[in-house]
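Q: Okay, handing you the structure first.
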Amino acid sequence: MTSPTRPLIALPARFSESASALRYRAEVAARALVEAVFQAGGEPFIMHPAAPFDASRLARCDGVLLPGGGDLHPRHYGEKTEHEALYDVDDEQDEFDLALAAHVLEAGVPTLAICRGLQIVNTVLGGTLNQHMPRDHRHKVHSVNVKPGTLLAKTLDTEETTASCYHHQAIATLAPALTPTAFGFDGTIEGAELAEPGHWFLAVQWHPEDTAATDRTQQSLFNALVQASARSSAQGRRR
């Protein structure tokens, strides 16, 4: 008996100046992210973030995961100065991620955006970021309140969850096309979704992959992405 084909989930790699077991610069993906997608029944496709973005490269993919990473250059959301805390800014990575996010939003590709991924989407849709939080959320585990009735609440099956965070930036102005779905202990927007959803889309500021292997609430985000991608593929809406 043939097993069903795993939905192909595009996961753009992150540029890295060094990586263990490799002699030179590398392109990497967090192992926990890849394993969470695979555990959910998806086939992770680590995508080379070559700019300019070519939408035809997504033709065989059923869904997209926009992962965390370094900081987005502030010029993309209209700021002319750079905070000294900015790190790992890469122009090619920015160009690729912004174009990819714009495409999946326009084309209706099922998408899960995590940390930098949420910030990228917010920027594409006209929102802004706080370049450096007064009290950052790096290496922080804290509770998150989830707005009842949202797709996020339905996916997590809870209105409060424990989030593993690593970010020193956050949403300053939420894009008009997004609606907040979760908040941290200090009021930080920790989740968002489309105000007028035309396709499956979820975004969280925390890193669900950090605890997905042992926390089924966090794993449910990846399960939902893969399930939505499978439905989209079955309905013939591959992009």
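Order determines the names: the first chain of the structure tokens is A, the second B, and so forth; residues in each chain are numbered 1 upward, and ligands are numbered 1 upward as they are shown.
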Please give the complete set of residues from region 75-199 of chain A that DSSP, run on the backbone, assigns to strand (DSSP E), formatted as a ChimeraX atom specification.

A: /A:111-114,128-130,140-146,160-165,170-173,178-183,189-194

Q: Those selected residues, please, written with C-alpha atoms and delivered as a PDB file, in the first residue's frame.

A:
```pdb
ATOM      1  CA  THR A 111       1.929  30.030   5.447  1.00  0.00           C
ATOM      2  CA  LEU A 112       3.245  29.888   9.009  1.00  0.00           C
ATOM      3  CA  ALA A 113       5.444  32.864   9.967  1.00  0.00           C
ATOM      4  CA  ILE A 114       7.713  32.642  13.020  1.00  0.00           C
ATOM      5  CA  THR A 128       6.637  49.027  11.495  1.00  0.00           C
ATOM      6  CA  LEU A 129       9.014  47.496  14.029  1.00  0.00           C
ATOM      7  CA  ASN A 130      10.622  48.535  17.274  1.00  0.00           C
ATOM      8  CA  LYS A 140      12.761  34.164  27.717  1.00  0.00           C
ATOM      9  CA  VAL A 141       9.996  31.676  28.413  1.00  0.00           C
ATOM     10  CA  HIS A 142       6.748  33.378  29.362  1.00  0.00           C
ATOM     11  CA  SER A 143       2.998  33.025  29.159  1.00  0.00           C
ATOM     12  CA  VAL A 144       1.067  34.320  26.165  1.00  0.00           C
ATOM     13  CA  ASN A 145      -2.613  35.207  26.197  1.00  0.00           C
ATOM     14  CA  VAL A 146      -4.418  34.158  23.031  1.00  0.00           C
ATOM     15  CA  GLU A 160      -3.059  30.734  27.169  1.00  0.00           C
ATOM     16  CA  THR A 161       0.214  29.059  26.323  1.00  0.00           C
ATOM     17  CA  THR A 162       3.845  29.085  27.375  1.00  0.00           C
ATOM     18  CA  ALA A 163       6.095  30.579  24.719  1.00  0.00           C
ATOM     19  CA  SER A 164       9.834  30.189  24.174  1.00  0.00           C
ATOM     20  CA  CYS A 165      11.090  33.522  22.846  1.00  0.00           C
ATOM     21  CA  ALA A 170       8.889  43.606  18.132  1.00  0.00           C
ATOM     22  CA  ILE A 171       5.951  45.041  16.232  1.00  0.00           C
ATOM     23  CA  ALA A 172       5.611  48.792  16.796  1.00  0.00           C
ATOM     24  CA  THR A 173       2.672  49.444  14.447  1.00  0.00           C
ATOM     25  CA  LEU A 178      -3.355  42.100  10.183  1.00  0.00           C
ATOM     26  CA  THR A 179      -5.206  41.599  13.441  1.00  0.00           C
ATOM     27  CA  PRO A 180      -3.467  40.752  16.734  1.00  0.00           C
ATOM     28  CA  THR A 181      -4.182  37.324  18.155  1.00  0.00           C
ATOM     29  CA  ALA A 182      -1.854  37.018  21.145  1.00  0.00           C
ATOM     30  CA  PHE A 183      -0.072  39.225  23.674  1.00  0.00           C
ATOM     31  CA  ILE A 189       2.092  41.466  20.150  1.00  0.00           C
ATOM     32  CA  GLU A 190       2.944  37.765  20.082  1.00  0.00           C
ATOM     33  CA  GLY A 191       0.615  36.614  17.317  1.00  0.00           C
ATOM     34  CA  ALA A 192      -1.218  37.916  14.258  1.00  0.00           C
ATOM     35  CA  GLU A 193      -3.382  36.715  11.412  1.00  0.00           C
ATOM     36  CA  LEU A 194      -5.052  38.258   8.389  1.00  0.00           C
TER      37      LEU A 194
END
```

Q: Apply DSSP to the backbone of this structure and, from region 1-238 of chain A, keep only the residues in alpha helix (DSSP H); write these as JSON, numbers by chain.

A: {"A": [31, 32, 33, 34, 35, 36, 37, 38, 39, 91, 92, 93, 94, 95, 96, 97, 98, 99, 100, 101, 102, 103, 104, 105, 106, 107, 116, 117, 118, 119, 120, 121, 122, 123, 124, 151, 152, 153, 154, 155, 156, 216, 217, 218, 219, 220, 221, 222, 223, 224, 225, 226, 227, 228, 229, 230, 231, 232, 233, 234]}

Q: Please compute the CA of His139 (chain A)-CA of Pro208 (chain A) distance, one decimal, in Å.

A: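 Computing the Euclidean distance for CA of His139 (chain A) and CA of Pro208 (chain A) yields 13.2 Å.
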
Q: One decimal, in Å: what's the spacing between CA of Glu196 (chain A) and CA of Leu105 (chain A)?

A: 11.7 Å

Q: Can you pull out the residues contacting His137 (chain A)? Cut-off 10 Å, using only C-alpha atoms, and skip same-chain residues under 6 positions away; I want them as a list of chain:residue names.

A: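 Result of the neighbour search: A:Ser164, A:Cys165, A:Tyr166, A:His167, A:His168, A:Gln169, A:Ala170, A:Gly184, A:Thr188, A:Trp206.
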
Q: Go ahead and save the picked residues with N, CA, C and O atoms, as a PDB file, in the first residue's frame.

A:
```
ATOM      1  N   SER A 164       8.383  30.065  24.128  1.00  0.00           N
ATOM      2  CA  SER A 164       9.834  30.189  24.174  1.00  0.00           C
ATOM      3  C   SER A 164      10.227  31.273  23.176  1.00  0.00           C
ATOM      4  O   SER A 164       9.976  31.145  21.975  1.00  0.00           O
ATOM      5  N   CYS A 165      10.828  32.346  23.680  1.00  0.00           N
ATOM      6  CA  CYS A 165      11.090  33.522  22.846  1.00  0.00           C
ATOM      7  C   CYS A 165      12.583  33.816  22.705  1.00  0.00           C
ATOM      8  O   CYS A 165      13.365  33.560  23.617  1.00  0.00           O
ATOM      9  N   TYR A 166      12.911  34.373  21.541  1.00  0.00           N
ATOM     10  CA  TYR A 166      14.249  34.924  21.339  1.00  0.00           C
ATOM     11  C   TYR A 166      14.131  36.059  20.327  1.00  0.00           C
ATOM     12  O   TYR A 166      14.231  35.863  19.124  1.00  0.00           O
ATOM     13  N   HIS A 167      13.872  37.266  20.830  1.00  0.00           N
ATOM     14  CA  HIS A 167      13.807  38.432  19.954  1.00  0.00           C
ATOM     15  C   HIS A 167      14.060  39.698  20.761  1.00  0.00           C
ATOM     16  O   HIS A 167      13.666  39.789  21.923  1.00  0.00           O
ATOM     17  N   HIS A 168      14.734  40.644  20.125  1.00  0.00           N
ATOM     18  CA  HIS A 168      14.961  41.944  20.769  1.00  0.00           C
ATOM     19  C   HIS A 168      14.204  43.041  20.027  1.00  0.00           C
ATOM     20  O   HIS A 168      14.250  44.196  20.404  1.00  0.00           O
ATOM     21  N   GLN A 169      13.519  42.644  18.939  1.00  0.00           N
ATOM     22  CA  GLN A 169      12.661  43.547  18.196  1.00  0.00           C
ATOM     23  C   GLN A 169      11.222  43.071  18.324  1.00  0.00           C
ATOM     24  O   GLN A 169      10.966  41.916  18.687  1.00  0.00           O
ATOM     25  N   ALA A 170      10.304  43.957  18.028  1.00  0.00           N
ATOM     26  CA  ALA A 170       8.889  43.606  18.132  1.00  0.00           C
ATOM     27  C   ALA A 170       8.084  44.535  17.232  1.00  0.00           C
ATOM     28  O   ALA A 170       8.600  45.543  16.739  1.00  0.00           O
ATOM     29  N   GLY A 184       1.990  39.175  24.949  1.00  0.00           N
ATOM     30  CA  GLY A 184       2.863  38.757  26.016  1.00  0.00           C
ATOM     31  C   GLY A 184       2.539  39.476  27.308  1.00  0.00           C
ATOM     32  O   GLY A 184       1.653  40.336  27.363  1.00  0.00           O
ATOM     33  N   THR A 188       3.453  43.047  24.457  1.00  0.00           N
ATOM     34  CA  THR A 188       4.028  42.788  23.141  1.00  0.00           C
ATOM     35  C   THR A 188       3.093  41.917  22.304  1.00  0.00           C
ATOM     36  O   THR A 188       2.558  40.922  22.801  1.00  0.00           O
ATOM     37  N   TRP A 206       6.918  34.150  18.893  1.00  0.00           N
ATOM     38  CA  TRP A 206       7.783  33.231  19.640  1.00  0.00           C
ATOM     39  C   TRP A 206       8.277  32.095  18.743  1.00  0.00           C
ATOM     40  O   TRP A 206       7.984  32.035  17.552  1.00  0.00           O
TER      41      TRP A 206
END
```

Q: Pick from A:Lys154, A:Arg57, A:Arg116, A:Arg23: nearest to Phe45 (chain A), with only C-alpha atoms counted?

A: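 With only C-alpha atoms as the atom set, the closest residue is A:Arg57.
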
Q: Using only C-alpha atoms, which of the listed residues (A:Gln227, A:Gln93, A:Asn122, A:Gln131) sits closest to Pro74 (chain A)?

A: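 Between A:Gln227, A:Gln93, A:Asn122, A:Gln131, the residue approaching Pro74 (chain A) most closely is A:Gln131.
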
Q: For the atom pair CA of Gly78 (chain A) and CA of Gly187 (chain A), what is the interatomic distance in Å to one decimal place?

A: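 CA of Gly187 (chain A) lies at a distance of 23.5 Å from CA of Gly78 (chain A).
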
Q: Select, from A:Ile120, A:Leu8, A:Thr158, A:Leu174, the residue with the minimum atom-to-atom distance to Arg60 (chain A), counting only C-alpha atoms.

A: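 Closest candidate: A:Leu8.
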
Q: Residues at most 10 Å from Asn223 (chain A), counting only C-alpha atoms, excluding those fewer than 5 positions away in the same chain, as an MDAnalysis selection string?

A: chainID A and resid 36:42 155 216:218 228:229

Q: Write the residues of the selection above to a file with all heavy atoms, as a tab-separated table (two decimals), in the first residue's frame.

A:
```
chain	number	residue	atom	x	y	z
A	36	ALA	N	10.02	19.52	13.23
A	36	ALA	CA	8.61	19.78	13.54
A	36	ALA	C	7.74	19.65	12.30
A	36	ALA	O	6.62	19.12	12.35
A	36	ALA	CB	8.46	21.17	14.16
A	37	VAL	N	8.24	20.14	11.16
A	37	VAL	CA	7.51	20.00	9.90
A	37	VAL	C	7.40	18.54	9.50
A	37	VAL	O	6.33	18.07	9.09
A	37	VAL	CB	8.20	20.81	8.78
A	37	VAL	CG1	7.59	20.49	7.41
A	37	VAL	CG2	8.09	22.31	9.05
A	38	PHE	N	8.50	17.81	9.62
A	38	PHE	CA	8.49	16.39	9.26
A	38	PHE	C	7.57	15.60	10.18
A	38	PHE	O	6.82	14.72	9.73
A	38	PHE	CB	9.91	15.83	9.32
A	38	PHE	CG	10.06	14.47	8.71
A	38	PHE	CD1	10.16	14.33	7.34
A	38	PHE	CD2	10.08	13.33	9.50
A	38	PHE	CE1	10.27	13.07	6.76
A	38	PHE	CE2	10.21	12.07	8.94
A	38	PHE	CZ	10.30	11.94	7.55
A	39	GLN	N	7.62	15.90	11.48
A	39	GLN	CA	6.75	15.22	12.44
A	39	GLN	C	5.29	15.47	12.12
A	39	GLN	O	4.43	14.61	12.35
A	39	GLN	CB	7.07	15.71	13.86
A	39	GLN	CG	6.20	15.11	14.95
A	39	GLN	CD	6.36	13.60	15.10
A	39	GLN	OE1	7.44	13.07	14.84
A	39	GLN	NE2	5.30	12.92	15.49
A	40	ALA	N	4.99	16.63	11.56
A	40	ALA	CA	3.61	16.98	11.21
A	40	ALA	C	3.14	16.28	9.94
A	40	ALA	O	1.95	16.36	9.60
A	40	ALA	CB	3.49	18.50	11.04
A	41	GLY	N	4.06	15.62	9.24
A	41	GLY	CA	3.68	14.92	8.01
A	41	GLY	C	4.10	15.65	6.75
A	41	GLY	O	3.76	15.23	5.64
A	42	GLY	N	4.85	16.75	6.91
A	42	GLY	CA	5.31	17.50	5.75
A	42	GLY	C	6.71	17.09	5.33
A	42	GLY	O	7.44	16.44	6.08
A	155	THR	N	-6.30	26.69	16.71
A	155	THR	CA	-5.19	25.80	16.37
A	155	THR	C	-4.51	25.26	17.62
A	155	THR	O	-4.23	24.07	17.73
A	155	THR	CB	-4.17	26.53	15.48
A	155	THR	OG1	-4.82	26.97	14.28
A	155	THR	CG2	-3.00	25.64	15.13
A	216	ARG	N	2.70	19.31	22.65
A	216	ARG	CA	1.81	19.14	21.50
A	216	ARG	C	1.05	20.42	21.15
A	216	ARG	O	0.60	20.55	20.01
A	216	ARG	CB	0.83	18.00	21.76
A	216	ARG	CG	-0.12	18.19	22.93
A	216	ARG	CD	-0.98	16.96	23.10
A	216	ARG	NE	-1.94	17.11	24.19
A	216	ARG	CZ	-2.78	16.16	24.57
A	216	ARG	NH1	-2.78	15.00	23.92
A	216	ARG	NH2	-3.62	16.36	25.57
A	217	THR	N	0.93	21.34	22.10
A	217	THR	CA	0.30	22.62	21.79
A	217	THR	C	1.14	23.38	20.78
A	217	THR	O	0.61	23.94	19.80
A	217	THR	CB	0.13	23.47	23.07
A	217	THR	OG1	-0.73	22.78	23.98
A	217	THR	CG2	-0.47	24.82	22.74
A	218	GLN	N	2.46	23.41	20.97
A	218	GLN	CA	3.34	24.08	20.02
A	218	GLN	C	3.45	23.30	18.71
A	218	GLN	O	3.47	23.89	17.62
A	218	GLN	CB	4.73	24.27	20.64
A	218	GLN	CG	4.73	25.06	21.94
A	218	GLN	CD	4.09	26.44	21.80
A	218	GLN	OE1	4.32	27.13	20.81
A	218	GLN	NE2	3.30	26.84	22.78
A	228	ALA	N	-3.23	22.29	6.21
A	228	ALA	CA	-3.74	23.31	5.30
A	228	ALA	C	-3.06	23.21	3.94
A	228	ALA	O	-3.71	23.39	2.89
A	228	ALA	CB	-3.52	24.70	5.89
A	229	SER	N	-1.77	22.88	3.94
A	229	SER	CA	-1.04	22.72	2.68
A	229	SER	C	-1.54	21.52	1.90
A	229	SER	O	-1.66	21.57	0.67
A	229	SER	CB	0.46	22.57	2.97
A	229	SER	OG	0.95	23.72	3.64
```

Q: I'd like to know which of A:Thr81, A:Ser220, A:Thr214, A:Thr5 is closest to Glu43 (chain A), using only C-alpha atoms.

A: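 Residue with the minimum atom-to-atom distance to Glu43 (chain A): A:Thr5.
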
Q: Extract, using only C-alpha atoms, all DNA, RNA and protein residues at most 9 Å from His73 (chain A), discarding same-chain residues fewer than 2 positions from it, and format them as a list in words.

A: Asp71, Arg75, His76, Tyr77, Glu79, Glu82, Leu86, Val89, Asp90, Asp91 and Asp94 of chain A

Q: Restricted to N, CA, C and O atoms, what would the selected residues look like written as a compact mmCIF listing (two decimals), in the first residue's frame?

A:
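Okay, this is what ended up in selection.txt:
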```txt
# COMPACT_ATOMS: atom_id res chain seq x y z
N ASP A 71 18.17 40.39 12.00
CA ASP A 71 17.31 41.57 11.93
C ASP A 71 17.07 42.03 10.49
O ASP A 71 17.97 41.98 9.64
N ARG A 75 15.45 50.33 7.09
CA ARG A 75 15.01 51.15 5.96
C ARG A 75 13.77 50.56 5.29
O ARG A 75 13.00 51.28 4.66
N HIS A 76 13.55 49.26 5.48
CA HIS A 76 12.40 48.62 4.85
C HIS A 76 11.08 49.04 5.50
O HIS A 76 10.02 48.84 4.91
N TYR A 77 11.15 49.57 6.71
CA TYR A 77 9.92 50.09 7.33
C TYR A 77 10.05 51.58 7.62
O TYR A 77 9.46 52.12 8.55
N GLU A 79 12.64 53.74 8.42
CA GLU A 79 13.51 54.40 9.39
C GLU A 79 14.89 54.66 8.78
O GLU A 79 15.42 53.84 8.03
N GLU A 82 19.96 53.42 12.40
CA GLU A 82 20.11 52.02 12.81
C GLU A 82 20.49 51.95 14.28
O GLU A 82 21.45 52.59 14.70
N LEU A 86 21.36 46.13 16.33
CA LEU A 86 21.04 45.35 15.14
C LEU A 86 22.12 44.29 14.89
O LEU A 86 23.31 44.55 15.10
N VAL A 89 22.29 41.52 9.83
CA VAL A 89 21.53 42.11 8.73
C VAL A 89 22.18 41.70 7.42
O VAL A 89 23.39 41.81 7.26
N ASP A 90 21.38 41.22 6.47
CA ASP A 90 21.89 40.76 5.18
C ASP A 90 20.93 41.25 4.09
O ASP A 90 19.76 40.87 4.07
N ASP A 91 21.43 42.07 3.19
CA ASP A 91 20.57 42.67 2.17
C ASP A 91 19.91 41.64 1.26
O ASP A 91 18.74 41.76 0.90
N ASP A 94 17.17 39.87 3.16
CA ASP A 94 16.02 40.75 3.28
C ASP A 94 15.22 40.81 2.00
O ASP A 94 13.98 40.68 2.00
```

Q: Would you mind telling me which residue in A:Leu156, A:Ala29, A:Ala85, A:Leu72 lies nearest to Val124 (chain A) when using only C-alpha atoms?

A: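 Using only C-alpha atoms, Val124 (chain A) sits closest to A:Leu72.
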
Q: Please provide the set of residues having any atom within 12 Å of Ala59 (chain A), restricted to only C-alpha atoms, with same-chain residues fewer than 4 positions apart removed, written as a ChimeraX atom specification.

A: /A:8-10,54-55,63-64,103-104,107,109,233,236-239

Q: Selection from above, N, CA, C and O atoms, as a compact mmCIF listing (two decimals), in the first residue's frame, can you write it?

A:
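Final file, again-v2.txt:
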```
# COMPACT_ATOMS: atom_id res chain seq x y z
N LEU A 8 4.85 19.38 0.39
CA LEU A 8 6.17 19.98 0.34
C LEU A 8 6.11 21.39 0.93
O LEU A 8 5.39 22.25 0.43
N ILE A 9 6.87 21.59 2.01
CA ILE A 9 6.85 22.86 2.73
C ILE A 9 8.17 23.60 2.51
O ILE A 9 9.22 23.14 2.95
N ALA A 10 8.11 24.74 1.83
CA ALA A 10 9.31 25.53 1.58
C ALA A 10 9.72 26.26 2.84
O ALA A 10 8.91 26.92 3.50
N ASP A 54 12.22 34.49 -7.46
CA ASP A 54 11.53 33.97 -8.65
C ASP A 54 10.37 33.11 -8.17
O ASP A 54 10.57 32.02 -7.64
N ALA A 55 9.15 33.59 -8.35
CA ALA A 55 7.97 32.88 -7.84
C ALA A 55 7.80 31.49 -8.43
O ALA A 55 7.20 30.62 -7.79
N GLY A 63 3.14 24.62 0.73
CA GLY A 63 3.05 25.55 1.84
C GLY A 63 4.40 26.19 2.10
O GLY A 63 5.42 25.77 1.52
N VAL A 64 4.41 27.21 2.95
CA VAL A 64 5.65 27.94 3.24
C VAL A 64 5.76 28.18 4.74
O VAL A 64 4.77 28.48 5.41
N HIS A 103 4.70 37.45 -2.09
CA HIS A 103 4.13 36.49 -3.04
C HIS A 103 3.12 35.55 -2.37
O HIS A 103 2.02 35.35 -2.90
N VAL A 104 3.48 34.98 -1.23
CA VAL A 104 2.58 34.01 -0.61
C VAL A 104 1.29 34.68 -0.14
O VAL A 104 0.21 34.07 -0.17
N ALA A 107 -0.65 35.21 -3.47
CA ALA A 107 -1.03 33.98 -4.14
C ALA A 107 -1.90 33.06 -3.28
O ALA A 107 -2.50 32.12 -3.79
N VAL A 109 -0.83 31.13 -0.63
CA VAL A 109 -0.13 29.91 -0.23
C VAL A 109 -0.24 29.75 1.29
O VAL A 109 0.04 30.70 2.03
N SER A 233 -3.26 21.67 -1.80
CA SER A 233 -2.76 20.85 -2.90
C SER A 233 -3.87 20.01 -3.50
O SER A 233 -4.01 19.92 -4.73
N GLY A 236 -6.04 21.76 -5.84
CA GLY A 236 -5.42 22.24 -7.06
C GLY A 236 -4.96 23.67 -7.04
O GLY A 236 -4.91 24.32 -8.09
N ARG A 237 -4.58 24.21 -5.85
CA ARG A 237 -4.18 25.60 -5.76
C ARG A 237 -2.67 25.74 -5.53
O ARG A 237 -2.23 26.67 -4.87
N ARG A 238 -1.90 24.82 -6.04
CA ARG A 238 -0.45 24.95 -5.93
C ARG A 238 0.00 26.17 -6.72
O ARG A 238 -0.51 26.45 -7.79
N ARG A 239 1.02 26.83 -6.20
CA ARG A 239 1.52 28.05 -6.85
C ARG A 239 2.91 27.78 -7.43
O ARG A 239 3.70 27.13 -6.83
```

Q: Which residue out of A:Phe53, A:Tyr87, A:Phe201, A:Phe185 has the minimum interatomic distance to His132 (chain A) when only C-alpha atoms are used?

A: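 Smallest separation from His132 (chain A) among the options: A:Tyr87.
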